[in-house]
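Here the structure is laid out as structure tokens; the discussion comes afterwards.
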Amino acid sequence: MDDQAALVARRPAELLRAQQTKRRSRWRRLDVFRQALLVLAHLRNGDTYARLAAGFASGTSTAWRYVREAVDLLAILADHVHAAVLRAGQLAYAILDGTLIPIDRLADERPYYSGKHRRHGVNVQVLADPTGRLVWVSPALPGATHDLTAARATGLIDALTTAEVKTFADKGYQGAGGSIRTPFKGHRLRPPLLRHQRSVNRTHARIRACGERAVATLKTWKIRTRLRCCPHRATTIVQAILVLQLIEEGHHLG
């Protein structure tokens with residue numbers, strides 16, 4: 001175990017200890033610090049419950065229960081959209097992007113099928129700062145949801161516009177209006193883009209490329225490569241990952 005993992009595990013361990021004290025829990029198979037490491041192994045490395053059970057000398061059902069408990073506690077600490085936009089308002093500008101998190105346990109597949117990505121999953125909106133660090137991750141919506149629709153449904157577009165946060169986004173957000181800046185979009189039935197429009201698009205692309213680092217940061221949490229759970233749990237898992245990532249970067253004050 002490295003020092004970074006120990007540092008990140010400290011906050012979940014504190015939350016678990018507080019909850020156990022409140023519930024007056026007595027004996028547990030794992031202490032709070034080992035339980036925090038267990039949830040980190042699950043989220044960061046994508047370890048299955050069977051591997052967690054073997055590695056932490058516990059049963060599979062115990063590993064499942066301990067992970068769920070810790071994830072729920074962490075997710076509570078995630079900012080709501082208005083708090084996140086308030087923090088974004090302190091930046092020179094923000095970057096908005098969307099990503100699809102694959103998922104395989106579906107009762108009704110159609111709403112979760114993304115034609116863009118040609119796979120089933122949930123749509124998550126990612127707000128980043130100018131250096132590409134995560135600021136906020138939205139609740140998960142069915143994968144068939146368009147990025148602009150998802151950003152509006154979570155209240156992100158209205159919140160950014162109300163707070164007048166200059167935000168750079170790709171062509172998928174055209175029509176958002178307000179403080180959302182998107183590149184010029186060409187069309188086969190219209191004249192080609194002018195020179196200054198192409199220049200603006202190149203500059204816009206360079207700025208927005210930094211935001212892709214935030215999506216890449218999410219991908220370092222291996223659990224999100226393919227969620228094997230009910231899609232209704234996706235929001236809780238993503239919010240827990242956001243909190244842990246901010247703790248790791250030293251930016252979470254919750």
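All residue names refer to the structure tokens as shown: chains lettered A, B, ... in order, residues numbered from 1 in each chain, ligands numbered from 1 in order.
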
| task | Write out as a list in words the residues lying within 12 Å of Thr154 (chain A), counting only C-alpha atoms and excluding same-chain residues fewer than 5 positions away. | result | His80, Val81, His82, Asn123, Val124, Gln125, Val126, Trp136, Val137, Ser138, Pro139, Ala140, Leu141, Thr145, Asp147, Leu148, Thr149, Ala159, Leu160 and Thr235 of chain A

Could the residues in this selection be saved with C-alpha atoms as a PDB file, in the first residue's frame?
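Okay, again_24.pdb is ready:
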ATOM      1  CA  HIS A  80     -25.019  19.479  -5.919  1.00  0.00           C
ATOM      2  CA  VAL A  81     -24.990  21.370  -9.198  1.00  0.00           C
ATOM      3  CA  HIS A  82     -25.320  24.875  -7.732  1.00  0.00           C
ATOM      4  CA  ASN A 123     -24.564   9.506 -19.922  1.00  0.00           C
ATOM      5  CA  VAL A 124     -22.509  11.564 -17.457  1.00  0.00           C
ATOM      6  CA  GLN A 125     -21.715  15.262 -17.842  1.00  0.00           C
ATOM      7  CA  VAL A 126     -18.254  16.351 -16.732  1.00  0.00           C
ATOM      8  CA  TRP A 136     -18.161  18.163 -10.946  1.00  0.00           C
ATOM      9  CA  VAL A 137     -19.772  15.070 -12.398  1.00  0.00           C
ATOM     10  CA  SER A 138     -23.509  15.006 -13.058  1.00  0.00           C
ATOM     11  CA  PRO A 139     -26.009  12.324 -12.083  1.00  0.00           C
ATOM     12  CA  ALA A 140     -26.106   9.491 -14.609  1.00  0.00           C
ATOM     13  CA  LEU A 141     -28.832   9.501 -17.249  1.00  0.00           C
ATOM     14  CA  THR A 145     -29.784  10.956 -23.819  1.00  0.00           C
ATOM     15  CA  ASP A 147     -25.338  15.592 -24.208  1.00  0.00           C
ATOM     16  CA  LEU A 148     -27.192  18.909 -24.425  1.00  0.00           C
ATOM     17  CA  THR A 149     -30.403  17.328 -23.138  1.00  0.00           C
ATOM     18  CA  ALA A 159     -26.799  27.154 -13.376  1.00  0.00           C
ATOM     19  CA  LEU A 160     -23.767  28.048 -15.525  1.00  0.00           C
ATOM     20  CA  THR A 235     -25.111   8.007 -10.009  1.00  0.00           C
TER      21      THR A 235
END

Counting only C-alpha atoms, give me one row per residue of region 34-99 of chain A with an atom at most 10 Å from an atom of region 180-201 of chain A, showing the shortest contact pair and its distance in Å to one decimal, sorted by chain then residue number, as a tab-separated table.
residue	atom	partner	partner_atom	distance
A:Ala94	CA	A:Ile180	CA	9.4
A:Ile95	CA	A:Ile180	CA	9.2
A:Leu96	CA	A:Ile180	CA	8.8

Output the selection as an mmCIF file, in the first residue's frame - all heavy atoms for each residue.
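Result file follows (again.cif):
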data_model
loop_
_atom_site.group_PDB
_atom_site.id
_atom_site.type_symbol
_atom_site.label_atom_id
_atom_site.label_comp_id
_atom_site.auth_asym_id
_atom_site.auth_seq_id
_atom_site.Cartn_x
_atom_site.Cartn_y
_atom_site.Cartn_z
ATOM 1 N N ALA A 94 -14.703 27.412 -17.533
ATOM 2 C CA ALA A 94 -14.886 25.977 -17.291
ATOM 3 C C ALA A 94 -15.018 25.262 -18.629
ATOM 4 O O ALA A 94 -15.238 25.885 -19.671
ATOM 5 C CB ALA A 94 -16.125 25.732 -16.434
ATOM 6 N N ILE A 95 -14.865 23.959 -18.589
ATOM 7 C CA ILE A 95 -14.973 23.134 -19.790
ATOM 8 C C ILE A 95 -16.009 22.043 -19.527
ATOM 9 O O ILE A 95 -15.953 21.360 -18.505
ATOM 10 C CB ILE A 95 -13.621 22.505 -20.169
ATOM 11 C CG1 ILE A 95 -12.562 23.602 -20.333
ATOM 12 C CG2 ILE A 95 -13.749 21.676 -21.438
ATOM 13 C CD1 ILE A 95 -11.148 23.078 -20.437
ATOM 14 N N LEU A 96 -16.942 21.907 -20.453
ATOM 15 C CA LEU A 96 -18.030 20.932 -20.307
ATOM 16 C C LEU A 96 -17.895 19.848 -21.362
ATOM 17 O O LEU A 96 -17.668 20.130 -22.535
ATOM 18 C CB LEU A 96 -19.377 21.645 -20.460
ATOM 19 C CG LEU A 96 -20.641 20.781 -20.464
ATOM 20 C CD1 LEU A 96 -20.788 20.000 -19.170
ATOM 21 C CD2 LEU A 96 -21.871 21.658 -20.715
#

| For Ile103 (chain A), which of A:Ala240, A:Cys229, A:Leu134, A:Ala6 is the closest residue, counting only C-alpha atoms? |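 Residue with the minimum atom-to-atom distance to Ile103 (chain A): A:Cys229.
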
| Backbone-only DSSP, strand (DSSP E) members of region 25-250 of chain A, as a VMD selection string | chain A and resid 94 to 102 113 to 114 119 to 128 134 to 137 141 to 142 167 to 168 180 to 181

Could those residues be written to a file, using N, CA, C and O atoms, as a compact mmCIF listing (two decimals), in the first residue's frame?
# COMPACT_ATOMS: atom_id res chain seq x y z
N ALA A 94 -14.70 27.41 -17.53
CA ALA A 94 -14.89 25.98 -17.29
C ALA A 94 -15.02 25.26 -18.63
O ALA A 94 -15.24 25.89 -19.67
N ILE A 95 -14.86 23.96 -18.59
CA ILE A 95 -14.97 23.13 -19.79
C ILE A 95 -16.01 22.04 -19.53
O ILE A 95 -15.95 21.36 -18.50
N LEU A 96 -16.94 21.91 -20.45
CA LEU A 96 -18.03 20.93 -20.31
C LEU A 96 -17.89 19.85 -21.36
O LEU A 96 -17.67 20.13 -22.53
N ASP A 97 -18.03 18.61 -20.92
CA ASP A 97 -17.97 17.49 -21.86
C ASP A 97 -18.86 16.37 -21.32
O ASP A 97 -19.22 16.35 -20.14
N GLY A 98 -19.21 15.45 -22.19
CA GLY A 98 -20.02 14.31 -21.80
C GLY A 98 -19.29 13.02 -22.07
O GLY A 98 -18.43 12.96 -22.96
N THR A 99 -19.59 11.99 -21.32
CA THR A 99 -18.98 10.69 -21.53
C THR A 99 -19.99 9.60 -21.26
O THR A 99 -20.97 9.81 -20.53
N LEU A 100 -19.77 8.45 -21.87
CA LEU A 100 -20.64 7.30 -21.67
C LEU A 100 -19.93 6.29 -20.80
O LEU A 100 -18.79 5.90 -21.09
N ILE A 101 -20.59 5.87 -19.74
CA ILE A 101 -20.07 4.80 -18.89
C ILE A 101 -20.80 3.52 -19.25
O ILE A 101 -22.01 3.42 -19.04
N PRO A 102 -20.12 2.53 -19.80
CA PRO A 102 -20.78 1.28 -20.20
C PRO A 102 -21.40 0.56 -19.00
O PRO A 102 -20.87 0.61 -17.89
N TYR A 113 -29.18 2.61 -24.80
CA TYR A 113 -28.31 2.39 -25.95
C TYR A 113 -27.92 3.71 -26.59
O TYR A 113 -28.77 4.50 -27.01
N SER A 114 -26.62 3.97 -26.65
CA SER A 114 -26.11 5.19 -27.27
C SER A 114 -25.75 4.90 -28.72
O SER A 114 -24.83 4.11 -29.00
N ARG A 119 -23.15 1.35 -27.99
CA ARG A 119 -23.13 0.43 -26.86
C ARG A 119 -24.09 0.94 -25.80
O ARG A 119 -24.55 2.08 -25.85
N HIS A 120 -24.39 0.11 -24.82
CA HIS A 120 -25.28 0.50 -23.74
C HIS A 120 -24.48 1.15 -22.61
O HIS A 120 -23.34 0.77 -22.34
N GLY A 121 -25.09 2.13 -21.97
CA GLY A 121 -24.40 2.80 -20.88
C GLY A 121 -25.23 3.93 -20.32
O GLY A 121 -26.41 4.08 -20.64
N VAL A 122 -24.60 4.73 -19.49
CA VAL A 122 -25.23 5.90 -18.90
C VAL A 122 -24.45 7.15 -19.30
O VAL A 122 -23.22 7.11 -19.41
N ASN A 123 -25.16 8.23 -19.53
CA ASN A 123 -24.56 9.51 -19.92
C ASN A 123 -24.23 10.31 -18.67
O ASN A 123 -25.07 10.53 -17.82
N VAL A 124 -22.97 10.76 -18.59
CA VAL A 124 -22.51 11.56 -17.46
C VAL A 124 -21.88 12.84 -18.00
O VAL A 124 -21.05 12.80 -18.91
N GLN A 125 -22.28 13.97 -17.46
CA GLN A 125 -21.71 15.26 -17.84
C GLN A 125 -20.57 15.62 -16.90
O GLN A 125 -20.69 15.48 -15.68
N VAL A 126 -19.47 16.07 -17.49
CA VAL A 126 -18.25 16.35 -16.73
C VAL A 126 -17.90 17.83 -16.86
O VAL A 126 -17.77 18.35 -17.98
N LEU A 127 -17.72 18.49 -15.74
CA LEU A 127 -17.31 19.89 -15.70
C LEU A 127 -15.87 19.93 -15.19
O LEU A 127 -15.56 19.34 -14.15
N ALA A 128 -15.00 20.60 -15.95
CA ALA A 128 -13.58 20.65 -15.62
C ALA A 128 -13.08 22.07 -15.54
O ALA A 128 -13.70 23.00 -16.09
N LEU A 134 -11.09 17.70 -12.51
CA LEU A 134 -12.53 17.55 -12.30
C LEU A 134 -13.06 18.62 -11.35
O LEU A 134 -12.45 18.91 -10.32
N VAL A 135 -14.17 19.19 -11.71
CA VAL A 135 -14.91 20.10 -10.84
C VAL A 135 -16.19 19.44 -10.36
O VAL A 135 -16.53 19.47 -9.18
N TRP A 136 -16.88 18.79 -11.29
CA TRP A 136 -18.16 18.16 -10.95
C TRP A 136 -18.51 17.11 -11.98
O TRP A 136 -18.11 17.19 -13.14
N VAL A 137 -19.24 16.11 -11.52
CA VAL A 137 -19.77 15.07 -12.40
C VAL A 137 -21.27 14.98 -12.14
O VAL A 137 -21.70 14.91 -10.99
N LEU A 141 -27.58 9.61 -16.51
CA LEU A 141 -28.83 9.50 -17.25
C LEU A 141 -28.69 8.39 -18.29
O LEU A 141 -27.58 8.01 -18.64
N PRO A 142 -29.80 7.84 -18.79
CA PRO A 142 -29.72 6.78 -19.81
C PRO A 142 -28.84 7.19 -20.99
O PRO A 142 -28.84 8.35 -21.41
N THR A 167 -18.14 28.97 -20.37
CA THR A 167 -17.93 27.53 -20.46
C THR A 167 -17.73 27.11 -21.91
O THR A 167 -18.52 27.49 -22.78
N PHE A 168 -16.66 26.35 -22.16
CA PHE A 168 -16.37 25.86 -23.50
C PHE A 168 -16.87 24.43 -23.65
O PHE A 168 -16.64 23.59 -22.78
N ILE A 180 -22.50 29.43 -22.60
CA ILE A 180 -21.87 28.25 -23.19
C ILE A 180 -21.31 28.61 -24.56
O ILE A 180 -22.04 29.08 -25.44
N ARG A 181 -20.02 28.40 -24.74
CA ARG A 181 -19.34 28.71 -26.00
C ARG A 181 -19.10 27.43 -26.77
O ARG A 181 -18.45 26.51 -26.27

| request: Could you give me, as a PyMOL selection string, each residue of region 7-204 of chain A that DSSP assigns to helix (DSSP H, G or I) when run on this structure's backbone? | output: chain A and resi 7-23+32-45+49-55+60-76+81-88+110-112+147-153+156-162+171-173+195-204

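Interatomic distance, CA of Leu38 (chain A) against CA of Arg51 (chain A): 10.3 Å.
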
| Nearest candidate to Ala163 (chain A) (options A:Arg118, A:Arg228, A:Arg87, A:Arg17; using only C-alpha atoms) |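 Using only C-alpha atoms, Ala163 (chain A) sits closest to A:Arg87.
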
| task | Figure out the distance between CA of Leu242 (chain A) and CA of Ala75 (chain A), please, to one decimal in Å. | result |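 Here the two named atoms are 8.3 Å from each other.
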
| Using only C-alpha atoms, which residue out of A:Thr48, A:Thr60, A:Gln90, A:Thr162 lies closest to Asp129 (chain A)? |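 Ranking A:Thr48, A:Thr60, A:Gln90, A:Thr162 by distance to Asp129 (chain A), first place goes to A:Gln90.
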
Can you list, as a short mmCIF file (atom, residue, chain, number, x, y, z; two decimals) with N, CA, C and O atoms, in the first residue's frame, every protein, DNA or RNA residue that comes within 9 Å of Val243 (chain A) when you count only C-alpha atoms, leaving out same-chain residues fewer than 2 positions away?
data_model
loop_
_atom_site.label_atom_id
_atom_site.label_comp_id
_atom_site.auth_asym_id
_atom_site.auth_seq_id
_atom_site.Cartn_x
_atom_site.Cartn_y
_atom_site.Cartn_z
N LEU A 74 -19.81 8.12 0.83
CA LEU A 74 -19.00 9.06 0.04
C LEU A 74 -19.87 9.89 -0.90
O LEU A 74 -19.65 11.09 -1.06
N ALA A 75 -20.86 9.24 -1.52
CA ALA A 75 -21.70 9.94 -2.49
C ALA A 75 -22.45 11.10 -1.86
O ALA A 75 -22.73 12.11 -2.52
N LEU A 77 -21.36 13.20 0.10
CA LEU A 77 -20.48 14.37 0.18
C LEU A 77 -20.34 15.12 -1.14
O LEU A 77 -19.78 16.22 -1.17
N ALA A 78 -20.82 14.53 -2.23
CA ALA A 78 -20.67 15.18 -3.54
C ALA A 78 -21.50 16.47 -3.60
O ALA A 78 -22.62 16.52 -3.09
N ASP A 79 -20.94 17.48 -4.23
CA ASP A 79 -21.65 18.76 -4.37
C ASP A 79 -22.88 18.60 -5.27
O ASP A 79 -22.88 17.81 -6.21
N VAL A 238 -20.63 7.06 -9.35
CA VAL A 238 -19.89 8.15 -10.00
C VAL A 238 -19.63 9.29 -9.00
O VAL A 238 -18.55 9.88 -8.98
N GLN A 239 -20.62 9.60 -8.17
CA GLN A 239 -20.42 10.66 -7.19
C GLN A 239 -19.39 10.26 -6.14
O GLN A 239 -18.61 11.10 -5.68
N ALA A 240 -19.36 9.00 -5.76
CA ALA A 240 -18.34 8.53 -4.82
C ALA A 240 -16.95 8.65 -5.43
O ALA A 240 -15.99 9.06 -4.76
N ILE A 241 -16.83 8.31 -6.72
CA ILE A 241 -15.55 8.44 -7.41
C ILE A 241 -15.12 9.91 -7.45
O ILE A 241 -13.94 10.23 -7.24
N GLN A 245 -11.69 11.33 -5.91
CA GLN A 245 -10.73 12.00 -6.78
C GLN A 245 -10.37 13.38 -6.23
O GLN A 245 -9.20 13.77 -6.23
N LEU A 246 -11.36 14.11 -5.76
CA LEU A 246 -11.10 15.44 -5.19
C LEU A 246 -10.29 15.32 -3.90
O LEU A 246 -9.43 16.18 -3.62
N ILE A 247 -10.56 14.28 -3.12
CA ILE A 247 -9.74 14.05 -1.91
C ILE A 247 -8.30 13.77 -2.31
O ILE A 247 -7.35 14.30 -1.70
N GLU A 248 -8.13 12.95 -3.33
CA GLU A 248 -6.77 12.60 -3.79
C GLU A 248 -6.03 13.84 -4.26
O GLU A 248 -4.81 13.95 -4.03
N HIS A 252 -11.09 18.54 -1.91
CA HIS A 252 -12.41 18.32 -1.29
C HIS A 252 -12.37 18.76 0.16
O HIS A 252 -11.53 18.33 0.93
N GLY A 254 -15.24 18.65 2.14
CA GLY A 254 -16.38 18.08 2.86
C GLY A 254 -15.98 17.22 4.04
O GLY A 254 -14.86 16.77 4.15
#

| message | Set the distance at 10 Å and use only C-alpha atoms: which residues neighbour Gly46 (chain A) once local chain neighbours fewer than 6 positions away are removed? I'd like the list as a PyMOL selection string. | response | chain A and resi 39-40+52+220-227

| Of the listed residues A:Glu109, A:Asp104, A:Asp158, A:Asp170, that which approaches Ala144 (chain A) most closely, counting only C-alpha atoms | A:Glu109

| message | Give me the residues near Leu7 (chain A) as a PyMOL selection string, where near means some atom within 12 Å (using only C-alpha atoms) and where sequence neighbours in that chain fewer than 5 positions away do not count. | response | chain A and resi 1-2+12-14+33+36-37+40+244-245+247-250

| For CA of Ala50 (chain A) and CA of Ala63 (chain A), the interatomic separation in Å (one decimal) |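 The value is 8.1 Å.
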